[in-house]
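What follows is a short report on a single structure.
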Amino acid sequence: MIKITGLAIPLDYDLKLLADIVADILHIDGSGIENIKISKLSVDASDKNNVCFKASVDAYVSGDEKAIAFKNRDKRISVEAESPYILPERKFLKKRPIVVGCGPAGLFAALLLAQEGARPILLERGLDVDSRKQSVFKFWQTGILDTRSNVQFGEGGAGAFSDGKLKIGRRDPRKMKILSELVEAGAPPEIMYLDKPHIGTDRLNETVKGIRRKIIRMGGEVHFDAVLTKILHKEGVAEGIGFIKNGKYEELYTDNVVVAIGHSARDTFENLMESGVYIEQKPFAVGVRIEHPRAMIDRIRYGSFAEHPALGAADYKMVVHLNNGRAVYTFCMCPGGSVIAATSEDNAIVINGMSEFARDGRNSNSALLVTLGSADLGSSHALAGVAFQRRLEAEAFEAGGGGYRAPVQRLEDFLNKRNSSCFGEVLPTYLPGTGFCRTDTYLPGYITDSLRQAIYEMEEWMPGFAYPDAVITGAETRSSSPVRITRGESLEAIGIKGLYPCGEGAGYAGGIISAAVDGMLCAERILE
Ligand code: FAD
């Protein structure tokens with residue numbers, strides 16, 4: 001296959017035009033092209049007067065590919081062999097492996113194990129995605145939280161209520177397998193080639209169900225409302241787990257346990273430590289969410305092309321390194337999305353963002369996060385980061401006025417350290433409600449000062465970002481795990497063979513794709 005990278009193509013291209021461009025670049029007649037496939041497509045908005053797509057194209061041509069490619073002496077052209085993901089060789093496992101956690105890490109670990117005939121048993125503390133949707137919507141509408149089934153816990157994991165944006169980076173065979181499994185399970189096919197694809201929370205829910213069905217079809221078992229409470233091990237070797245299902249303690253015995261519990265399983269972190277599993281602190285970040293009108297962000301990014309139907313809602317990504325040694329960065333940007341209540345614990349405010357596939361909401365939002373170091377936590381205890389998050393979440397709860405109302409402030413008022421008394425053009429999307437409050441009352445001064453400095457710098461990068469009517473909502477505390485469940489080179493927990501800490505909660509992933517990749521890596525180790 002001939003790969004051509006860095007092709008600039010107009011926004012309203014069609015396959016005929018693309019084939020003509022490819023034939024032109026390869027200096028061949030159009031009839032010599034047997035097939036073309038876009039392998040990567042991104043928006044190039046560097047010139048606001050000519051916003052276009054940048055594409056990589058795989059071309060299948062008749063004739064000698066190498067001769068055609070190399071006669072052109074064009075750096076954009078190369079010949080590549082296709083490299084599909086190859087399943088590890090099947091290994092007979094004496095006991096069924098256990099996977100804990102039904103987020104992307106656990107789902108993809110279980111899927112691979114099931115595909116290899118290992119009949120994994122998958123345990124999830126929350127509910128199936130349909131029941132979970134009901135508990136989450138009820139919480140947003142009424143403020144009644146189900147600590148068992150919420151935005152953090154349940155089938156699909158933390159990202160089930162999200163933008164479902166997929167950070168792919170280098171397209172290696174493992175990631176391509178994940179994308180094709182997602183498409184087979186119901187995700188939009190264009191995720192296979194878009195540079196920054198997203199699934200949207202609406203389609204993600206169906207996709208997750210599709211993967212669960214496939215695991216079961218291939219011999220796996222999935223149990224909801226089943227909480228891991230104990231790791232059983234003897235002389236440095238895993239022997240099984242203890243868990244609570246329907247209020248009753250039970251045990252399961254195995255040689256291989258994948259623990260993919262996400263970053264919010266705070267009780268489980270404690271239980272693991274009590275079981276003798278080594279856990280340590282890991283740096284993380286906290287901050288707020290900022291909301292602008294979607295149309296405004298689209299105009300800033302795409303200029304007069306903003307309404308073009310091929311573009312959709314615009315995103316942005318910025319990072320600022322401050323003189324105080326901290327970095328402030330935008331994170332998990334949700335174009336045309338909503339700010340959501342994402343707590344898993346009572347009387348706590350935890351903010352995050354999500355979008356539907358259409359990304360057509362009135363606002364666009366992003367987290368604005370400030371990095372923390374262990375000195376900020378005031379303790380070297382492994383769970384000091386959890387305690388720090390909890391403190392901020394409780395203070396944000398008080399600051400919002402209770403009832404899971406989130407504290408909000410107009411951006412101009414935040415920058416000038418004064419109270420807000422009414423909204424301007426931007427109305428917050430957060431449910432179940434908001435309360436005006438100075439952000440400085442619930443976030444430490446070193447965080448709010450860093451945010452202010454960074455917002456002024458971001459305004460220089462992206463004029464319009466410091467829009468006075470933008471709304472900031474807090475507190476965003478669960479962007480990544482505050483702990484690492486340390487593992488060795490074999491991916492097994494330090495000192496416990498057969499125990500595989502996995503995914504974001506273990507500190508080895510951040511985001512849907514990297515968590516899924518980590519799940520596959522752990523399954524591969526078990527099968528090796
Ligand atoms: P999780 O997805 O957190 O899954 C862990 C699972 O383990 C959970 O289902 C939990 O209920 C279960 N569990 C925990 N403890 C136990 C126990 N004791 N027993 C049994 N089960 C247990 N990432 C992106 O790439 N793109 C996005 O657009 C995006 N948006 C996000 C929006 C929101 C609102 C949130 C919260 C996160 C978002 N993320 C996004 C981050 C992404 O969801 C996570 O990085 C990813 O889900 C981590 O996967 P994981 O499998 O490691 O953990």
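In the structure tokens, chains take letters A, B, ... by order of appearance, with residues numbered from 1 within each chain and ligands from 1 in the order shown.
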Practice item. Please check which protein, DNA or RNA residues sit within 6 Å of ligand 1, counting only C-alpha atoms and all ligand atoms, and write them as a ChimeraX atom specification. Key: /A:100-106,123-126,152-159,161-167,226-229,260-263,265,268,332,352-354,503-505,510-513,515
Practice item. As JSON, numbers by chain, please: all residues of segment 206-440 of chain A that backbone DSSP puts in strand (DSSP E). Key: {"A": [221, 222, 223, 226, 227, 228, 229, 230, 231, 232, 233, 234, 237, 238, 239, 240, 241, 242, 243, 244, 245, 248, 249, 250, 251, 252, 253, 257, 258, 259, 279, 280, 281, 285, 286, 287, 288, 289, 290, 291, 292, 293, 319, 320, 321, 327, 328, 329, 330, 331, 332, 333, 334, 338, 339, 340, 341, 351, 352, 353, 354, 363, 364, 365, 366, 367, 368, 369, 370, 371, 406, 407, 408, 409, 410, 434, 435, 436]}
Review point. Between A:Pro88, A:Gly236, A:Gly402, A:Gly385, which has the minimum distance to Gly276 of chain A (counting only C-alpha atoms)?
Key: A:Gly236
Review point. Smallest atom-to-atom distance to Leu122 of chain A: which of A:Phe284, A:Pro428, A:Arg525, A:Leu107, using only C-alpha atoms?
Key: A:Leu107
Write out as a PDB file with C-alpha atoms, in the first residue's frame each polymer residue whose atoms come within 9 Å of Ser374 of chain A, counting only C-alpha atoms; drop sequence neighbours fewer than 3 positions from it.
```pdb
ATOM      1  CA  GLN A 281       1.217   8.897  45.724  1.00  0.00           C
ATOM      2  CA  LYS A 282       1.152  10.144  42.161  1.00  0.00           C
ATOM      3  CA  PRO A 283       1.083  13.796  40.968  1.00  0.00           C
ATOM      4  CA  LEU A 377      -0.643  17.531  49.971  1.00  0.00           C
ATOM      5  CA  GLY A 378       0.958  18.086  53.371  1.00  0.00           C
ATOM      6  CA  SER A 379       1.574  14.384  53.970  1.00  0.00           C
ATOM      7  CA  SER A 380       3.557  11.538  52.475  1.00  0.00           C
ATOM      8  CA  ALA A 384      -2.937  12.037  50.923  1.00  0.00           C
ATOM      9  CA  GLY A 385      -4.049  13.004  47.391  1.00  0.00           C
TER      10      GLY A 385
END
```
Review point. Counting only C-alpha atoms, what is within 9 Å of Gly143 of chain A, bar same-chain residues fewer than 2 positions away, as JSON, numbers by chain?
Key: {"A": [138, 139, 140, 141, 145, 403, 404, 405, 431, 432, 433]}
Check your understanding: For Tyr302 of chain A, which residue out of A:Lys175, A:Arg90, A:Lys48, A:Arg212 is the nearest one, using only C-alpha atoms?
Key -> A:Lys48
Exercise for review: Tell me, as a list in words, which residues lie within 9 Å of segment 1-6 of chain A, counting only C-alpha atoms; anything in the same chain fewer than 3 positions away does not count.
Suggested key: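 The filter keeps Val22, Ile25, Ser39, Lys40, Lys54, Ala55, Ser56, Val57, Asp58, Ala59, Tyr60, Val61, Glu65, Lys66, Ile68, Ala69, Lys75, Arg76, Ile77, Ser78, Val79, Glu80, Ala81 and Glu82 of chain A.
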Please save C-alpha atoms of the selected residues as a PDB file, in the first residue's frame.
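The result, stored in part_34.pdb:
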```
ATOM      1  CA  VAL A  22      -3.711  11.165  -5.269  1.00  0.00           C
ATOM      2  CA  ILE A  25       0.732  13.351  -6.730  1.00  0.00           C
ATOM      3  CA  SER A  39      -6.046   6.845   7.363  1.00  0.00           C
ATOM      4  CA  LYS A  40      -5.893  10.202   9.170  1.00  0.00           C
ATOM      5  CA  LYS A  54      -4.893  17.665   6.339  1.00  0.00           C
ATOM      6  CA  ALA A  55      -5.079  14.041   5.310  1.00  0.00           C
ATOM      7  CA  SER A  56      -2.994  10.891   5.176  1.00  0.00           C
ATOM      8  CA  VAL A  57      -4.227   8.540   2.481  1.00  0.00           C
ATOM      9  CA  ASP A  58      -3.528   4.852   1.874  1.00  0.00           C
ATOM     10  CA  ALA A  59      -3.624   4.181  -1.868  1.00  0.00           C
ATOM     11  CA  TYR A  60      -3.893   0.747  -3.454  1.00  0.00           C
ATOM     12  CA  VAL A  61      -2.732   0.957  -7.062  1.00  0.00           C
ATOM     13  CA  GLU A  65       3.886   0.116  -5.832  1.00  0.00           C
ATOM     14  CA  LYS A  66       7.550   0.651  -4.988  1.00  0.00           C
ATOM     15  CA  ILE A  68       5.426   4.193  -8.536  1.00  0.00           C
ATOM     16  CA  ALA A  69       6.173   5.559  -5.076  1.00  0.00           C
ATOM     17  CA  LYS A  75       8.927  12.882   1.032  1.00  0.00           C
ATOM     18  CA  ARG A  76       5.196  12.603   1.593  1.00  0.00           C
ATOM     19  CA  ILE A  77       5.068   9.258  -0.221  1.00  0.00           C
ATOM     20  CA  SER A  78       6.123   5.893   1.240  1.00  0.00           C
ATOM     21  CA  VAL A  79       5.303   2.221   0.810  1.00  0.00           C
ATOM     22  CA  GLU A  80       4.021   0.508   3.922  1.00  0.00           C
ATOM     23  CA  ALA A  81       3.001  -3.017   4.779  1.00  0.00           C
ATOM     24  CA  GLU A  82      -0.277  -3.363   6.657  1.00  0.00           C
TER      25      GLU A  82
END
```
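Among A:Ala114, A:Phe92, A:Lys37, A:Ile191, the residue with the shortest atom-to-atom distance to Met520 of chain A, counting only C-alpha atoms, is A:Ala114.
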Point to revise | Distance criterion (only C-alpha atoms): nearest to Tyr430 of chain A out of A:Gly240, A:Gly519, A:Gly337, A:Pro501 | key: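 Among the listed residues, A:Gly337 lies closest to Tyr430 of chain A.
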Review point. Using only C-alpha atoms, which residues sit within 9 Å of segment 363-372 of chain A once same-chain residues fewer than 5 positions away are excluded, as an MDAnalysis selection string?
Key: chainID A and resid 283:297 313:317 326:339 351:354 377 426:429 447:448 450:451 455 476:477 479
Residue subset to file, keeping N, CA and C atoms, as a short mmCIF file (atom, residue, chain, number, x, y, z; two decimals), in the first residue's frame:
```cif
data_model
loop_
_atom_site.label_atom_id
_atom_site.label_comp_id
_atom_site.auth_asym_id
_atom_site.auth_seq_id
_atom_site.Cartn_x
_atom_site.Cartn_y
_atom_site.Cartn_z
N PRO A 283 1.50 12.40 41.20
CA PRO A 283 1.08 13.80 40.97
C PRO A 283 -0.24 13.86 40.20
N PHE A 284 -1.03 14.86 40.48
CA PHE A 284 -2.27 15.04 39.73
C PHE A 284 -2.56 16.54 39.65
N ALA A 285 -3.72 16.91 39.20
CA ALA A 285 -4.03 18.33 38.99
C ALA A 285 -5.48 18.60 39.38
N VAL A 286 -5.77 19.83 39.79
CA VAL A 286 -7.16 20.20 40.10
C VAL A 286 -7.43 21.60 39.54
N GLY A 287 -8.69 21.97 39.48
CA GLY A 287 -9.02 23.29 38.97
C GLY A 287 -10.52 23.49 38.80
N VAL A 288 -10.88 24.10 37.69
CA VAL A 288 -12.29 24.46 37.43
C VAL A 288 -12.63 24.10 35.99
N ARG A 289 -13.90 24.31 35.62
CA ARG A 289 -14.28 24.23 34.20
C ARG A 289 -14.64 25.62 33.72
N ILE A 290 -14.34 25.91 32.48
CA ILE A 290 -14.69 27.21 31.91
C ILE A 290 -15.63 26.98 30.74
N GLU A 291 -16.71 27.80 30.68
CA GLU A 291 -17.71 27.67 29.61
C GLU A 291 -17.79 28.95 28.80
N HIS A 292 -17.72 28.81 27.48
CA HIS A 292 -17.90 29.94 26.54
C HIS A 292 -19.07 29.58 25.63
N PRO A 293 -19.61 30.58 24.90
CA PRO A 293 -20.59 30.22 23.88
C PRO A 293 -19.89 29.40 22.79
N ARG A 294 -20.55 28.34 22.34
CA ARG A 294 -19.93 27.48 21.31
C ARG A 294 -19.59 28.28 20.06
N ALA A 295 -20.55 29.15 19.64
CA ALA A 295 -20.35 29.89 18.39
C ALA A 295 -19.11 30.78 18.48
N MET A 296 -18.85 31.27 19.70
CA MET A 296 -17.69 32.15 19.87
C MET A 296 -16.38 31.36 19.71
N ILE A 297 -16.31 30.20 20.33
CA ILE A 297 -15.10 29.37 20.19
C ILE A 297 -14.92 28.97 18.72
N ALA A 313 -18.28 21.46 15.81
CA ALA A 313 -17.87 22.40 16.87
C ALA A 313 -16.36 22.33 17.06
N ALA A 314 -15.74 23.50 17.30
CA ALA A 314 -14.28 23.57 17.38
C ALA A 314 -13.78 23.21 18.78
N ASP A 315 -12.57 22.68 18.83
CA ASP A 315 -11.94 22.43 20.13
C ASP A 315 -10.71 23.32 20.29
N TYR A 316 -10.10 23.26 21.44
CA TYR A 316 -8.83 23.95 21.66
C TYR A 316 -8.06 23.20 22.73
N LYS A 317 -6.77 23.47 22.78
CA LYS A 317 -5.91 22.83 23.77
C LYS A 317 -4.76 23.78 24.06
N ARG A 326 4.44 25.84 38.35
CA ARG A 326 3.25 25.03 38.04
C ARG A 326 2.89 25.15 36.57
N ALA A 327 2.24 24.11 36.07
CA ALA A 327 1.68 24.20 34.71
C ALA A 327 0.17 24.33 34.86
N VAL A 328 -0.43 25.11 33.99
CA VAL A 328 -1.90 25.20 33.93
C VAL A 328 -2.28 24.79 32.51
N TYR A 329 -3.23 23.87 32.40
CA TYR A 329 -3.56 23.39 31.06
C TYR A 329 -5.06 23.15 30.90
N THR A 330 -5.51 23.26 29.66
CA THR A 330 -6.90 22.92 29.37
C THR A 330 -6.95 21.41 29.21
N PHE A 331 -8.08 20.81 29.57
CA PHE A 331 -8.15 19.35 29.61
C PHE A 331 -9.58 18.91 29.32
N CYS A 332 -9.69 17.83 28.58
CA CYS A 332 -10.99 17.20 28.34
C CYS A 332 -11.99 18.23 27.82
N MET A 333 -11.58 18.94 26.76
CA MET A 333 -12.44 19.98 26.20
C MET A 333 -13.67 19.33 25.57
N CYS A 334 -14.83 19.88 25.83
CA CYS A 334 -16.08 19.31 25.31
C CYS A 334 -16.78 20.34 24.43
N PRO A 335 -16.55 20.32 23.12
CA PRO A 335 -17.19 21.29 22.23
C PRO A 335 -18.71 21.03 22.21
N GLY A 336 -19.48 22.09 22.32
CA GLY A 336 -20.94 21.94 22.28
C GLY A 336 -21.47 20.99 23.33
N GLY A 337 -20.82 20.96 24.48
CA GLY A 337 -21.22 19.99 25.52
C GLY A 337 -21.73 20.66 26.79
N SER A 338 -21.81 19.88 27.86
CA SER A 338 -22.31 20.40 29.14
C SER A 338 -21.29 20.13 30.23
N VAL A 339 -21.39 20.95 31.26
CA VAL A 339 -20.62 20.70 32.48
C VAL A 339 -21.50 19.79 33.33
N ILE A 351 -16.73 18.24 39.32
CA ILE A 351 -17.16 18.73 38.01
C ILE A 351 -16.45 17.96 36.92
N ASN A 352 -17.15 17.75 35.81
CA ASN A 352 -16.50 17.21 34.61
C ASN A 352 -17.29 17.69 33.40
N GLY A 353 -17.00 17.17 32.22
CA GLY A 353 -17.72 17.63 31.03
C GLY A 353 -18.12 16.47 30.14
N MET A 354 -19.19 16.65 29.37
CA MET A 354 -19.57 15.62 28.39
C MET A 354 -20.26 16.28 27.20
N LEU A 377 0.28 18.44 49.30
CA LEU A 377 -0.64 17.53 49.97
C LEU A 377 -0.44 17.50 51.48
N VAL A 426 -23.37 34.09 28.97
CA VAL A 426 -23.21 32.63 29.11
C VAL A 426 -23.96 32.13 30.35
N LEU A 427 -24.87 31.20 30.12
CA LEU A 427 -25.58 30.58 31.24
C LEU A 427 -24.96 29.20 31.46
N PRO A 428 -24.76 28.83 32.73
CA PRO A 428 -24.11 27.53 32.97
C PRO A 428 -25.01 26.37 32.55
N THR A 429 -24.39 25.26 32.15
CA THR A 429 -25.17 24.08 31.74
C THR A 429 -25.29 23.06 32.87
N ILE A 447 -3.72 27.99 43.78
CA ILE A 447 -4.39 27.45 42.59
C ILE A 447 -5.12 28.58 41.84
N THR A 448 -5.89 29.39 42.59
CA THR A 448 -6.64 30.45 41.89
C THR A 448 -5.70 31.48 41.28
N SER A 450 -2.69 30.92 40.15
CA SER A 450 -2.11 30.28 38.95
C SER A 450 -3.13 30.31 37.81
N LEU A 451 -4.40 30.06 38.14
CA LEU A 451 -5.44 30.08 37.09
C LEU A 451 -5.52 31.47 36.46
N ILE A 455 -4.89 32.33 32.58
CA ILE A 455 -5.97 32.79 31.70
C ILE A 455 -5.51 34.01 30.90
N GLU A 476 -13.03 20.94 39.79
CA GLU A 476 -12.67 19.77 38.98
C GLU A 476 -11.49 19.10 39.68
N THR A 477 -11.77 17.97 40.31
CA THR A 477 -10.76 17.33 41.15
C THR A 477 -10.36 15.93 40.68
N SER A 479 -9.53 14.59 37.55
CA SER A 479 -9.09 14.47 36.16
C SER A 479 -8.12 13.30 35.99
#
```
**Study point:** Within 10 Å of Lys209 of chain A using only C-alpha atoms, minus same-chain residues under 3 positions, as a list of chain:residue names
**Key:**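 Returned residues: A:Asp128, A:Val129, A:Asp130, A:Glu155, A:Gly156, A:Ala185, A:Gly186, A:Leu204, A:Asn205, A:Glu206, A:Arg212, A:Arg213, A:Lys214, A:Ile215.
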Point to revise | atom CA of Arg484 of chain A to atom CA of Ser514 of chain A, distance in Å rounded to a single decimal | key: 15.5 Å
Check your understanding: Using only C-alpha atoms, which of the listed residues (A:Asn49, A:Thr254, A:Ser42, A:Ser264) sits closest to Arg96 of chain A?
Key ->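 The closest residue to Arg96 of chain A is A:Thr254.
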Review point. Mind pulling up the distance from atom CA of Glu239 of chain A to atom CA of Tyr253 of chain A?
Key: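 Distance reported for this atom pair: 5.7 Å.
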Review point. What separation in Å, quoted to one decimal, exists between atom CA of Ile300 of chain A and atom CA of Leu7 of chain A?
Key: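 These two atoms are separated by 24.2 Å.
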